[in-house]
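*Asks:* PDB, C-alpha atoms, file data.pdb:
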MODEL        1
ATOM      1  CA  MET A  22     -14.876 -30.754   1.179
ATOM      2  CA  VAL A  23     -17.338 -30.251   3.992
ATOM      3  CA  THR A  24     -19.224 -26.951   3.846
ATOM      4  CA  PRO A  25     -21.864 -25.632   6.233
ATOM      5  CA  ASP A  26     -25.478 -26.484   5.481
ATOM      6  CA  ALA A  27     -26.668 -23.636   7.691
ATOM      7  CA  ALA A  28     -25.222 -20.599   9.354
ATOM      8  CA  PRO A  29     -24.974 -20.671  13.144
ATOM      9  CA  ALA A  30     -28.327 -19.646  14.569
ATOM     10  CA  ALA A  31     -28.843 -16.059  15.668
ATOM     11  CA  GLY A  32     -27.647 -15.673  19.247
ATOM     12  CA  THR A  33     -25.238 -18.596  18.998
ATOM     13  CA  ALA A  34     -21.773 -17.705  20.274
ATOM     14  CA  LEU A  35     -19.359 -17.731  17.353
ATOM     15  CA  ARG A  36     -15.881 -19.214  17.628
ATOM     16  CA  VAL A  37     -13.292 -17.323  15.602
ATOM     17  CA  GLY A  38      -9.803 -18.084  14.360
ATOM     18  CA  VAL A  39      -7.430 -15.289  13.361
ATOM     19  CA  VAL A  40      -4.290 -15.892  11.295
ATOM     20  CA  GLY A  41      -2.069 -12.825  11.325
ATOM     21  CA  LEU A  42      -1.846 -10.531  14.347
ATOM     22  CA  GLY A  43      -0.665  -7.252  12.889
ATOM     23  CA  LEU A  44      -2.471  -3.938  13.211
ATOM     24  CA  VAL A  45      -5.840  -5.099  11.883
ATOM     25  CA  GLY A  46      -5.711  -8.790  12.765
ATOM     26  CA  GLY A  47      -4.526  -7.972  16.277
ATOM     27  CA  SER A  48      -7.273  -5.382  16.704
ATOM     28  CA  VAL A  49      -9.912  -7.847  15.485
ATOM     29  CA  ALA A  50      -8.668 -10.593  17.813
ATOM     30  CA  ARG A  51      -8.477  -8.276  20.825
ATOM     31  CA  LEU A  52     -11.927  -6.793  20.221
ATOM     32  CA  LEU A  53     -13.493 -10.242  19.868
ATOM     33  CA  HIS A  54     -11.691 -11.417  23.015
ATOM     34  CA  ASP A  55     -12.975  -8.361  24.896
ATOM     35  CA  GLN A  56     -16.482  -9.207  23.686
ATOM     36  CA  GLY A  57     -16.248 -12.704  25.150
ATOM     37  CA  VAL A  58     -15.803 -14.475  21.814
ATOM     38  CA  GLU A  59     -13.671 -17.632  21.830
ATOM     39  CA  VAL A  60     -10.638 -16.700  19.730
ATOM     40  CA  THR A  61      -7.805 -18.957  18.557
ATOM     41  CA  ALA A  62      -4.983 -17.008  16.950
ATOM     42  CA  HIS A  63      -1.653 -17.481  15.219
ATOM     43  CA  ASP A  64       1.077 -15.295  13.785
ATOM     44  CA  ALA A  65       4.166 -16.364  11.891
ATOM     45  CA  THR A  66       6.449 -14.253  14.094
ATOM     46  CA  ALA A  67       7.435 -15.648  17.486
ATOM     47  CA  SER A  68       7.694 -12.236  19.143
ATOM     48  CA  THR A  69       4.197 -11.357  17.979
ATOM     49  CA  ARG A  70       2.842 -14.631  19.326
ATOM     50  CA  ALA A  71       4.460 -13.879  22.679
ATOM     51  CA  ALA A  72       3.012 -10.364  22.769
ATOM     52  CA  ALA A  73      -0.457 -11.658  21.911
ATOM     53  CA  ARG A  74      -0.273 -14.275  24.663
ATOM     54  CA  ALA A  75       0.789 -11.572  27.098
ATOM     55  CA  ALA A  76      -2.283  -9.606  26.042
ATOM     56  CA  GLY A  77      -4.472 -12.562  27.061
ATOM     57  CA  LEU A  78      -5.167 -14.134  23.680
ATOM     58  CA  ARG A  79      -5.155 -17.885  23.062
ATOM     59  CA  VAL A  80      -2.286 -18.265  20.605
ATOM     60  CA  VAL A  81      -1.319 -21.521  18.904
ATOM     61  CA  GLY A  82       1.804 -22.588  17.117
ATOM     62  CA  ASP A  83       0.709 -22.871  13.513
ATOM     63  CA  VAL A  84      -2.123 -22.564  11.002
ATOM     64  CA  ALA A  85      -2.991 -26.242  11.397
ATOM     65  CA  ASP A  86      -3.723 -25.695  15.075
ATOM     66  CA  VAL A  87      -6.060 -22.804  14.293
ATOM     67  CA  CYS A  88      -7.932 -24.980  11.805
ATOM     68  CA  ALA A  89      -8.045 -27.882  14.265
ATOM     69  CA  ALA A  90     -10.108 -25.708  16.614
ATOM     70  CA  GLU A  91     -12.830 -25.703  13.907
ATOM     71  CA  PRO A  92     -13.776 -22.041  14.331
ATOM     72  CA  ASP A  93     -17.064 -20.904  12.838
ATOM     73  CA  VAL A  94     -15.124 -18.152  11.069
ATOM     74  CA  LEU A  95     -11.431 -18.094  10.181
ATOM     75  CA  VAL A  96     -10.120 -14.571   9.546
ATOM     76  CA  LEU A  97      -7.075 -14.267   7.281
ATOM     77  CA  ALA A  98      -5.293 -11.090   8.403
ATOM     78  CA  VAL A  99      -1.897 -11.586   6.804
ATOM     79  CA  PRO A 100      -0.197  -9.124   4.430
ATOM     80  CA  LEU A 101      -1.457  -9.265   0.865
ATOM     81  CA  ARG A 102       1.894 -10.550  -0.347
ATOM     82  CA  ALA A 103       1.508 -13.594   1.946
ATOM     83  CA  MET A 104      -2.160 -14.295   1.246
ATOM     84  CA  ARG A 105      -1.714 -16.929  -1.451
ATOM     85  CA  ALA A 106       0.700 -19.031   0.603
ATOM     86  CA  VAL A 107      -1.417 -18.773   3.755
ATOM     87  CA  ALA A 108      -4.637 -19.601   1.896
ATOM     88  CA  THR A 109      -2.942 -22.690   0.482
ATOM     89  CA  GLU A 110      -1.866 -23.716   3.993
ATOM     90  CA  VAL A 111      -5.376 -23.170   5.346
ATOM     91  CA  ALA A 112      -6.820 -25.307   2.547
ATOM     92  CA  ARG A 113      -4.645 -28.216   3.679
ATOM     93  CA  HIS A 114      -6.001 -28.176   7.210
ATOM     94  CA  VAL A 115      -9.423 -26.508   7.336
ATOM     95  CA  ARG A 116     -12.230 -28.812   8.356
ATOM     96  CA  GLY A 117     -15.863 -28.941   9.370
ATOM     97  CA  ALA A 118     -18.102 -25.971   8.685
ATOM     98  CA  THR A 119     -15.474 -23.227   9.022
ATOM     99  CA  VAL A 120     -16.170 -20.130   6.929
ATOM    100  CA  VAL A 121     -13.121 -18.232   5.673
ATOM    101  CA  THR A 122     -12.985 -14.443   5.502
ATOM    102  CA  ASP A 123     -10.242 -11.830   5.488
ATOM    103  CA  VAL A 124      -9.523  -8.169   6.223
ATOM    104  CA  GLY A 125      -7.516  -7.336   3.107
ATOM    105  CA  SER A 126      -7.814  -3.916   1.494
ATOM    106  CA  VAL A 127      -8.027  -5.403  -2.030
ATOM    107  CA  LYS A 128     -10.733  -7.946  -2.655
ATOM    108  CA  GLY A 129     -10.144  -9.148  -6.200
ATOM    109  CA  ALA A 130      -6.591 -10.265  -5.459
ATOM    110  CA  VAL A 131      -7.624 -12.035  -2.255
ATOM    111  CA  ARG A 132     -10.472 -13.849  -3.969
ATOM    112  CA  ASP A 133      -8.055 -15.039  -6.643
ATOM    113  CA  ALA A 134      -5.787 -16.392  -3.908
ATOM    114  CA  VAL A 135      -8.521 -18.238  -2.012
ATOM    115  CA  ARG A 136      -9.997 -19.576  -5.235
ATOM    116  CA  SER A 137      -6.617 -20.914  -6.320
ATOM    117  CA  ALA A 138      -6.353 -22.626  -2.941
ATOM    118  CA  GLY A 139      -9.777 -24.241  -3.383
ATOM    119  CA  LEU A 140     -11.437 -22.240  -0.604
ATOM    120  CA  ASP A 141     -13.994 -20.326  -2.667
ATOM    121  CA  ALA A 142     -16.968 -22.354  -1.337
ATOM    122  CA  ARG A 143     -16.021 -21.273   2.185
ATOM    123  CA  TYR A 144     -15.047 -17.685   1.429
ATOM    124  CA  VAL A 145     -16.726 -14.324   1.988
ATOM    125  CA  GLY A 146     -14.594 -11.216   1.570
ATOM    126  CA  ALA A 147     -14.434  -8.521   4.238
ATOM    127  CA  HIS A 148     -12.528  -5.297   4.794
ATOM    128  CA  PRO A 149     -12.770  -2.852   7.717
ATOM    129  CA  MET A 150     -12.163   0.748   6.711
ATOM    130  CA  ALA A 151     -10.001   1.398   9.743
ATOM    131  CA  GLY A 152      -6.316   1.705  10.422
ATOM    132  CA  THR A 153      -3.437   3.977  11.360
ATOM    133  CA  GLU A 154      -0.026   4.761   9.932
ATOM    134  CA  ARG A 155       1.472   2.359  12.467
ATOM    135  CA  SER A 156       1.800  -1.408  12.072
ATOM    136  CA  GLY A 157       2.284  -4.591  14.081
ATOM    137  CA  PHE A 158       0.554  -6.122  17.084
ATOM    138  CA  GLU A 159       1.944  -3.443  19.382
ATOM    139  CA  ALA A 160      -0.094  -0.894  17.400
ATOM    140  CA  SER A 161      -3.305  -2.945  17.527
ATOM    141  CA  ASP A 162      -6.209  -1.545  19.503
ATOM    142  CA  PRO A 163      -9.791  -2.807  19.690
ATOM    143  CA  ARG A 164     -10.951   0.813  19.803
ATOM    144  CA  MET A 165      -9.647   1.264  16.260
ATOM    145  CA  LEU A 166     -12.689  -0.667  15.050
ATOM    146  CA  ASP A 167     -15.255   1.381  16.985
ATOM    147  CA  GLY A 168     -18.076   2.166  14.573
ATOM    148  CA  ALA A 169     -15.995   1.067  11.587
ATOM    149  CA  ARG A 170     -17.499   0.809   8.139
ATOM    150  CA  TRP A 171     -16.915  -2.646   6.684
ATOM    151  CA  ALA A 172     -17.226  -3.913   3.149
ATOM    152  CA  VAL A 173     -18.410  -7.510   2.804
ATOM    153  CA  THR A 174     -17.982  -8.795  -0.731
ATOM    154  CA  VAL A 175     -19.714 -11.578  -2.610
ATOM    155  CA  ASP A 176     -19.579 -13.092  -6.069
ATOM    156  CA  GLY A 177     -21.548 -15.722  -7.969
ATOM    157  CA  THR A 178     -20.133 -18.554  -5.833
ATOM    158  CA  THR A 179     -20.815 -17.053  -2.392
ATOM    159  CA  ARG A 180     -22.922 -19.375  -0.258
ATOM    160  CA  ARG A 181     -25.722 -17.711   1.667
ATOM    161  CA  GLU A 182     -24.902 -19.610   4.869
ATOM    162  CA  ALA A 183     -21.325 -18.348   4.799
ATOM    163  CA  PHE A 184     -22.565 -14.857   3.962
ATOM    164  CA  VAL A 185     -24.934 -14.778   6.934
ATOM    165  CA  THR A 186     -22.227 -16.094   9.273
ATOM    166  CA  VAL A 187     -19.803 -13.313   8.312
ATOM    167  CA  LEU A 188     -22.530 -10.661   8.534
ATOM    168  CA  ARG A 189     -23.390 -11.804  12.054
ATOM    169  CA  LEU A 190     -19.749 -11.632  13.089
ATOM    170  CA  VAL A 191     -19.156  -8.160  11.664
ATOM    171  CA  THR A 192     -22.437  -6.553  12.734
ATOM    172  CA  GLY A 193     -22.419  -8.400  16.065
ATOM    173  CA  PRO A 194     -19.294  -8.595  18.244
ATOM    174  CA  LEU A 195     -17.191  -6.540  15.825
ATOM    175  CA  GLY A 196     -19.790  -3.754  15.891
ATOM    176  CA  GLY A 197     -19.370  -2.816  12.232
ATOM    177  CA  THR A 198     -21.634  -1.171   9.688
ATOM    178  CA  VAL A 199     -21.665  -3.297   6.537
ATOM    179  CA  HIS A 200     -21.805  -2.335   2.875
ATOM    180  CA  VAL A 201     -22.317  -5.474   0.753
ATOM    181  CA  LEU A 202     -20.472  -5.078  -2.534
ATOM    182  CA  THR A 203     -18.938  -6.898  -5.453
ATOM    183  CA  ASP A 204     -15.153  -7.152  -5.458
ATOM    184  CA  ASP A 205     -14.890  -4.648  -8.329
ATOM    185  CA  VAL A 206     -17.072  -1.997  -6.688
ATOM    186  CA  HIS A 207     -15.069  -2.387  -3.481
ATOM    187  CA  ASP A 208     -11.720  -2.171  -5.242
ATOM    188  CA  GLU A 209     -12.733   0.841  -7.352
ATOM    189  CA  SER A 210     -14.103   2.635  -4.281
ATOM    190  CA  THR A 211     -11.127   1.927  -2.043
ATOM    191  CA  ALA A 212      -8.762   3.016  -4.803
ATOM    192  CA  LEU A 213     -10.442   6.420  -4.630
ATOM    193  CA  VAL A 214     -10.660   6.856  -0.865
ATOM    194  CA  SER A 215      -7.704   4.830   0.412
ATOM    195  CA  HIS A 216      -5.143   3.632  -2.095
ATOM    196  CA  VAL A 217      -4.754   6.796  -4.183
ATOM    197  CA  PRO A 218      -4.570   8.941  -1.012
ATOM    198  CA  HIS A 219      -1.666   6.719   0.099
ATOM    199  CA  VAL A 220       0.037   7.340  -3.251
ATOM    200  CA  LEU A 221      -0.497  11.100  -3.076
ATOM    201  CA  ALA A 222       0.695  11.294   0.523
ATOM    202  CA  THR A 223       3.816   9.334  -0.432
ATOM    203  CA  GLU A 224       4.434  11.617  -3.411
ATOM    204  CA  LEU A 225       4.107  14.737  -1.274
ATOM    205  CA  LEU A 226       6.665  13.342   1.179
ATOM    206  CA  GLY A 227       8.894  12.438  -1.774
ATOM    207  CA  VAL A 228       8.696  15.966  -3.225
ATOM    208  CA  VAL A 229       9.787  17.392   0.116
ATOM    209  CA  ALA A 230      12.528  14.768   0.469
ATOM    210  CA  ASP A 231      14.023  15.856  -2.880
ATOM    211  CA  ALA A 232      13.658  19.613  -2.355
ATOM    212  CA  PRO A 233      16.774  21.749  -1.709
ATOM    213  CA  VAL A 234      14.817  23.532   1.057
ATOM    214  CA  ARG A 235      13.787  20.230   2.659
ATOM    215  CA  ASP A 236      14.987  21.014   6.160
ATOM    216  CA  VAL A 237      13.363  24.446   6.237
ATOM    217  CA  ALA A 238      10.140  23.069   4.791
ATOM    218  CA  ARG A 239       9.980  20.356   7.426
ATOM    219  CA  GLY A 240      10.640  22.902  10.130
ATOM    220  CA  LEU A 241       7.761  25.061   8.903
ATOM    221  CA  ALA A 242       5.335  22.165   8.343
ATOM    222  CA  ALA A 243       2.170  22.276  10.439
ATOM    223  CA  GLY A 244      -1.282  20.742  10.413
ATOM    224  CA  SER A 245      -2.015  20.732   6.697
ATOM    225  CA  PHE A 246       1.205  18.900   5.846
ATOM    226  CA  ARG A 247       0.798  16.493   8.777
ATOM    227  CA  ASP A 248      -2.775  15.618   7.805
ATOM    228  CA  ALA A 249      -2.007  15.314   4.090
ATOM    229  CA  THR A 250       0.950  12.995   4.643
ATOM    230  CA  ARG A 251      -0.150  10.859   7.617
ATOM    231  CA  VAL A 252      -0.796   7.697   5.620
ATOM    232  CA  GLY A 253       2.439   8.195   3.695
ATOM    233  CA  ARG A 254       4.315   7.491   6.917
ATOM    234  CA  THR A 255       3.249   3.867   7.144
ATOM    235  CA  ASP A 256       5.308   0.814   6.141
ATOM    236  CA  PRO A 257       6.174   1.499   2.460
ATOM    237  CA  ARG A 258       6.143  -2.206   1.594
ATOM    238  CA  ARG A 259       2.589  -2.515   2.923
ATOM    239  CA  THR A 260       1.503   0.480   0.848
ATOM    240  CA  GLU A 261       3.312  -0.866  -2.204
ATOM    241  CA  ALA A 262       1.527  -4.225  -1.925
ATOM    242  CA  MET A 263      -1.853  -2.562  -1.486
ATOM    243  CA  VAL A 264      -1.373  -0.344  -4.529
ATOM    244  CA  THR A 265       0.100  -2.962  -6.841
ATOM    245  CA  ASP A 266      -2.546  -5.563  -5.971
ATOM    246  CA  ASN A 267      -5.204  -3.008  -6.964
ATOM    247  CA  ALA A 268      -3.152  -1.682  -9.856
ATOM    248  CA  ALA A 269      -5.892  -1.379 -12.474
ATOM    249  CA  TRP A 270      -8.255   0.731 -10.352
ATOM    250  CA  VAL A 271      -5.434   2.787  -8.840
ATOM    251  CA  ALA A 272      -3.963   3.518 -12.265
ATOM    252  CA  SER A 273      -7.383   4.541 -13.601
ATOM    253  CA  ALA A 274      -7.899   6.999 -10.745
ATOM    254  CA  LEU A 275      -4.351   8.346 -10.989
ATOM    255  CA  ARG A 276      -4.885   9.124 -14.686
ATOM    256  CA  VAL A 277      -7.725  11.418 -13.644
ATOM    257  CA  VAL A 278      -5.530  12.997 -10.963
ATOM    258  CA  VAL A 279      -2.693  13.567 -13.429
ATOM    259  CA  ARG A 280      -5.095  15.022 -16.022
ATOM    260  CA  ASP A 281      -6.585  17.456 -13.516
ATOM    261  CA  LEU A 282      -3.215  18.520 -12.123
ATOM    262  CA  GLU A 283      -1.848  19.076 -15.624
ATOM    263  CA  GLN A 284      -4.843  21.294 -16.388
ATOM    264  CA  LEU A 285      -4.258  23.221 -13.151
ATOM    265  CA  LEU A 286      -0.563  23.564 -14.003
ATOM    266  CA  THR A 287      -1.341  24.899 -17.454
ATOM    267  CA  ALA A 288      -3.812  27.413 -16.010
ATOM    268  CA  LEU A 289      -1.369  28.576 -13.359
ATOM    269  CA  GLU A 290       1.452  29.031 -15.871
ATOM    270  CA  SER A 291      -0.809  31.030 -18.215
ATOM    271  CA  ASN A 292      -2.448  33.049 -15.438
ATOM    272  CA  ALA A 293      -5.860  31.594 -16.410
ATOM    273  CA  PRO A 294      -8.798  31.166 -13.974
ATOM    274  CA  VAL A 295      -8.512  28.159 -11.663
ATOM    275  CA  GLY A 296     -11.729  28.467  -9.660
ATOM    276  CA  GLU A 297     -13.329  25.414 -11.279
ATOM    277  CA  PHE A 298     -10.570  23.171  -9.937
ATOM    278  CA  PHE A 299     -11.224  24.272  -6.373
ATOM    279  CA  ASP A 300     -15.035  24.302  -6.690
ATOM    280  CA  ARG A 301     -15.477  20.854  -8.245
ATOM    281  CA  PRO A 302     -15.350  18.970  -4.888
ATOM    282  CA  ASP A 303     -18.282  20.960  -3.456
ATOM    283  CA  PRO A 304     -20.782  18.037  -3.645
ATOM    284  CA  VAL A 305     -18.629  15.947  -1.295
ATOM    285  CA  ARG A 306     -17.081  18.564   0.989
ATOM    286  CA  GLY A 307     -19.696  18.007   3.673
ATOM    287  CA  PRO A 308     -20.214  14.848   5.739
ATOM    288  CA  ALA A 309     -21.750  11.802   4.085
ATOM    289  CA  ASP A 310     -25.309  10.849   4.919
ATOM    290  CA  ALA A 311     -25.698   8.778   8.074
ATOM    291  CA  PRO A 312     -25.705   5.064   7.197
ATOM    292  CA  GLY A 313     -28.909   3.070   7.406
ATOM    293  CA  THR A 314     -31.298   6.010   7.068
ATOM    294  CA  GLY A 315     -32.580   5.227   3.589
ATOM    295  CA  GLU A 316     -35.595   3.215   2.474
ATOM    296  CA  LEU A 317     -35.744  -0.275   3.978
ATOM    297  CA  LEU A 318     -35.314  -3.203   1.603
ATOM    298  CA  ARG A 319     -35.646  -6.824   2.725
ATOM    299  CA  VAL A 320     -33.618  -9.146   0.500
ATOM    300  CA  VAL A 321     -34.648 -12.793   0.708
ATOM    301  CA  LEU A 322     -31.697 -15.160   0.406
ATOM    302  CA  ASP A 323     -33.337 -17.324  -2.229
ATOM    303  CA  ASP A 324     -32.100 -20.707  -3.425
ATOM    304  CA  ALA A 325     -31.656 -19.413  -6.980
ATOM    305  CA  GLY A 326     -29.076 -16.874  -5.819
ATOM    306  CA  ALA A 327     -30.787 -13.728  -7.088
ATOM    307  CA  TRP A 328     -30.064 -12.215  -3.670
ATOM    308  CA  ARG A 329     -26.426 -11.675  -4.626
ATOM    309  CA  ALA A 330     -27.234  -9.178  -7.371
ATOM    310  CA  GLU A 331     -29.977  -7.521  -5.333
ATOM    311  CA  VAL A 332     -27.953  -6.952  -2.199
ATOM    312  CA  THR A 333     -24.799  -5.786  -4.028
ATOM    313  CA  ALA A 334     -26.854  -3.397  -6.177
ATOM    314  CA  ALA A 335     -28.245  -1.890  -2.972
ATOM    315  CA  GLY A 336     -24.727  -1.699  -1.546
ATOM    316  CA  ALA A 337     -23.489   0.104  -4.661
ATOM    317  CA  ARG A 338     -26.193   2.724  -4.035
ATOM    318  CA  GLY A 339     -24.822   3.263  -0.523
ATOM    319  CA  ALA A 340     -27.216   1.042   1.440
ATOM    320  CA  VAL A 341     -25.949  -0.760   4.541
ATOM    321  CA  VAL A 342     -27.117  -3.844   6.395
ATOM    322  CA  VAL A 343     -29.498  -3.000   9.250
ATOM    323  CA  ALA A 344     -30.728  -6.508  10.140
ATOM    324  CA  VAL A 345     -29.610 -10.088   9.556
ATOM    325  CA  GLU A 346     -32.120 -12.938   9.538
ATOM    326  CA  ASP A 347     -31.679 -16.642   8.853
ATOM    327  CA  ASP A 348     -33.148 -16.329   5.364
ATOM    328  CA  ALA A 349     -32.923 -12.611   4.592
ATOM    329  CA  VAL A 350     -31.001  -9.398   5.161
ATOM    330  CA  VAL A 351     -32.498  -5.946   5.529
ATOM    331  CA  VAL A 352     -30.633  -2.987   4.052
ATOM    332  CA  ALA A 353     -31.308   0.723   4.086
TER     333      ALA A 353
ENDMDL
END
Is it possible to express this structure as structure tokens?
*Replies:*
Amino acid sequence: MVTPDAAPAAGTALRVGVVGLGLVGGSVARLLHDQGVEVTAHDATASTRAAARAAGLRVVGDVADVCAAEPDVLVLAVPLRAMRAVATEVARHVRGATVVTDVGSVKGAVRDAVRSAGLDARYVGAHPMAGTERSGFEASDPRMLDGARWAVTVDGTTRREAFVTVLRLVTGPLGGTVHVLTDDVHDESTALVSHVPHVLATELLGVVADAPVRDVARGLAAGSFRDATRVGRTDPRRTEAMVTDNAAWVASALRVVVRDLEQLLTALESNAPVGEFFDRPDPVRGPADAPGTGELLRVVLDDAGAWRAEVTAAGARGAVVVAVEDDAVVVA
């Protein structure tokens, strides 16, 4: 296998391939196209390919054609349930110095898929924390990624050249703010702030669906119900795949939810005080600190690979990337 000896130099125009043109993949491709990046894209669905061409994207007929363009970065934006098959197809055709990344909401499962396909030397994980309850290319919008927080994940095999290339793509034309994390820290964190909220929103919709006063309840529903259930209105198969592929972390968080709700239930049924339940979130009720305002830390991308632990430890403390150099990254 050929792997890059160096990341493209700062200021060099990146060429990007995108496989999968749904909500996120379509938004990524359209934003890059709007930024003047050379994009070669593919989707398995003919109608999606036609819509993407109509939107001005360069769309090719299969994964092999995307790989033949030898993009600097190849973004896998397919559903999680298709990732293993697509990664295997990419491995058959990828060539040159192409770095492989993705936009999946679960990183451990994706890394397993790309590793099984033999792509781990090319791979750097990525995930934009952006989306809507809608799906498909028709829902894609480059504005969805405006100011998005991204996770970029590394492990003990991540090559620094590939890492720098993905950082330059995400912090450059994609305009993202990057937290560098391990797969586990990403998956635990997104279980808390994305996957479990999807479960709870789905459950709330399900409770209403089963209620004898369903029609009245829906007629009375206003902002609180709309906001609490928005993500429960997305494609249920997409939510199911996201939750099951992150099952361990989602289950762990749900055990805490169930414990706390059972305690609240017991208190309500016995007319006991419940103030502690409603006060416990106080430390996180306000907005989070602005990213990149902490103490600056320059992490040298050393040959020994100590940079991986240093930069992910900083990411786990909440630091974000504020500068990308050929041989170092600066986080704060």
*Asks:* Could you name the residues that touch Arg338 in chain A at 12 Å or less, counting all atoms listed in the file, but leaving out those on the same chain fewer than 4 positions away, as a list in words?
*Replies:*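 After dropping sequence-adjacent residues, the list is His200, Val201, Leu202, Val206, Pro312, Gly313, Gly315, Glu316, Glu331, Val332, Thr333, Ala334, Val352 and Ala353 of chain A.
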*Asks:* Smallest atom-to-atom distance to Met165 in chain A: which of A:Ala134, A:Leu195, A:Ala65, A:Val60, using only C-alpha atoms?
*Replies:*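 Of A:Ala134, A:Leu195, A:Ala65, A:Val60, the one nearest Met165 in chain A, counting only C-alpha atoms, is A:Leu195.
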*Asks:* Between A:Gly152, A:Gly47, A:Gly197, A:Gly38, which has the minimum distance to Val115 in chain A (counting only C-alpha atoms)?
*Replies:* A:Gly38
*Asks:* With all atoms listed in the file as the atoms that count, which of A:Ala118, A:Val49, A:Ala169, A:Val321 lies nearest to Ala90 in chain A?
*Replies:*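 The answer is A:Ala118, which sits nearest to Ala90 in chain A.
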*Asks:* Where does the PyMOL selection byres ((chain A and resi 191) around 12) land in this file, that is, which residues does it pick, as a VMD selection string?
*Replies:* chain A and resid 35 37 49 52 to 53 94 96 122 to 124 145 to 149 166 to 173 184 to 190 192 to 201 342 to 345
*Asks:* For Val58 in chain A, which residue among A:Ala34, A:Leu318, A:Ala335, A:Ala293 is the nearest when counting all atoms listed in the file?
*Replies:*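 Ranked by minimum distance to Val58 in chain A, first place goes to A:Ala34.
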*Asks:* If the PyMOL selection byres ((chain A and resi 268) around 12) is run on the structure shown, which residues does it catch, given as number ranges by chain?
*Replies:* A: 127, 129-130, 208-209, 211-212, 216-217, 220, 260-267, 269-276
*Asks:* On this structure, the PyMOL selection byres ((chain A and resi 176) around 8) would catch which residues? List them as a PDB file with C-alpha atoms, in the coordinates of the input, sorted by chain and number.
*Replies:*
ATOM      1  CA  THR A 174     -17.982  -8.795  -0.731  1.00  0.00           C
ATOM      2  CA  VAL A 175     -19.714 -11.578  -2.610  1.00  0.00           C
ATOM      3  CA  GLY A 177     -21.548 -15.722  -7.969  1.00  0.00           C
ATOM      4  CA  THR A 178     -20.133 -18.554  -5.833  1.00  0.00           C
ATOM      5  CA  THR A 179     -20.815 -17.053  -2.392  1.00  0.00           C
ATOM      6  CA  THR A 203     -18.938  -6.898  -5.453  1.00  0.00           C
ATOM      7  CA  ASP A 204     -15.153  -7.152  -5.458  1.00  0.00           C
ATOM      8  CA  ARG A 329     -26.426 -11.675  -4.626  1.00  0.00           C
TER       9      ARG A 329
END
*Asks:* Between CA of Val121 in chain A and CA of Thr66 in chain A, what is the spacing in Å?
*Replies:* 21.7 Å
*Asks:* Which distance in Å separates CA of Ser210 in chain A and CA of Asp323 in chain A, to one decimal?
*Replies:*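 CA of Ser210 in chain A sits 27.8 Å away from CA of Asp323 in chain A.
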*Asks:* Between A:Arg105, A:Arg164, A:Arg280, A:Arg319, single out the one closest to Arg51 in chain A, counting only C-alpha atoms.
*Replies:*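 Closest candidate: A:Arg164.
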*Asks:* Tell me, in Å to one decimal, how far CA of Gly43 in chain A is from CA of Phe158 in chain A.
*Replies:*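 So the answer is 4.5 Å.
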*Asks:* For N, CA and C atoms, please extract range 169-180 of chain A from the block and return it as a short mmCIF file (atom, residue, chain, number, x, y, z; two decimals), in the first residue's frame.
*Replies:*
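Full text of selection-v8.cif as output:
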data_model
loop_
_atom_site.label_atom_id
_atom_site.label_comp_id
_atom_site.auth_asym_id
_atom_site.auth_seq_id
_atom_site.Cartn_x
_atom_site.Cartn_y
_atom_site.Cartn_z
N ALA A 169 -19.53 24.71 12.87
CA ALA A 169 -19.76 23.42 13.53
C ALA A 169 -18.56 22.99 14.35
N ARG A 170 -18.86 22.37 15.48
CA ARG A 170 -17.84 21.66 16.25
C ARG A 170 -17.62 20.30 15.59
N TRP A 171 -16.37 19.95 15.41
CA TRP A 171 -16.00 18.65 14.85
C TRP A 171 -15.15 17.89 15.87
N ALA A 172 -15.36 16.60 15.93
CA ALA A 172 -14.40 15.72 16.59
C ALA A 172 -13.53 15.09 15.51
N VAL A 173 -12.23 15.09 15.75
CA VAL A 173 -11.28 14.33 14.92
C VAL A 173 -10.63 13.32 15.85
N THR A 174 -10.70 12.04 15.49
CA THR A 174 -10.25 11.00 16.41
C THR A 174 -9.03 10.27 15.88
N VAL A 175 -8.16 9.93 16.83
CA VAL A 175 -6.92 9.23 16.50
C VAL A 175 -6.76 8.04 17.44
N ASP A 176 -5.94 7.09 17.00
CA ASP A 176 -5.54 5.99 17.89
C ASP A 176 -4.05 5.76 17.70
N GLY A 177 -3.54 4.65 18.21
CA GLY A 177 -2.11 4.40 18.18
C GLY A 177 -1.54 4.17 16.80
N THR A 178 -2.39 4.00 15.78
CA THR A 178 -1.91 3.78 14.41
C THR A 178 -2.01 5.02 13.54
N THR A 179 -2.60 6.09 14.05
CA THR A 179 -2.85 7.28 13.22
C THR A 179 -1.53 7.92 12.79
N ARG A 180 -1.39 8.13 11.49
CA ARG A 180 -0.17 8.73 10.95
C ARG A 180 -0.29 10.25 11.01
#
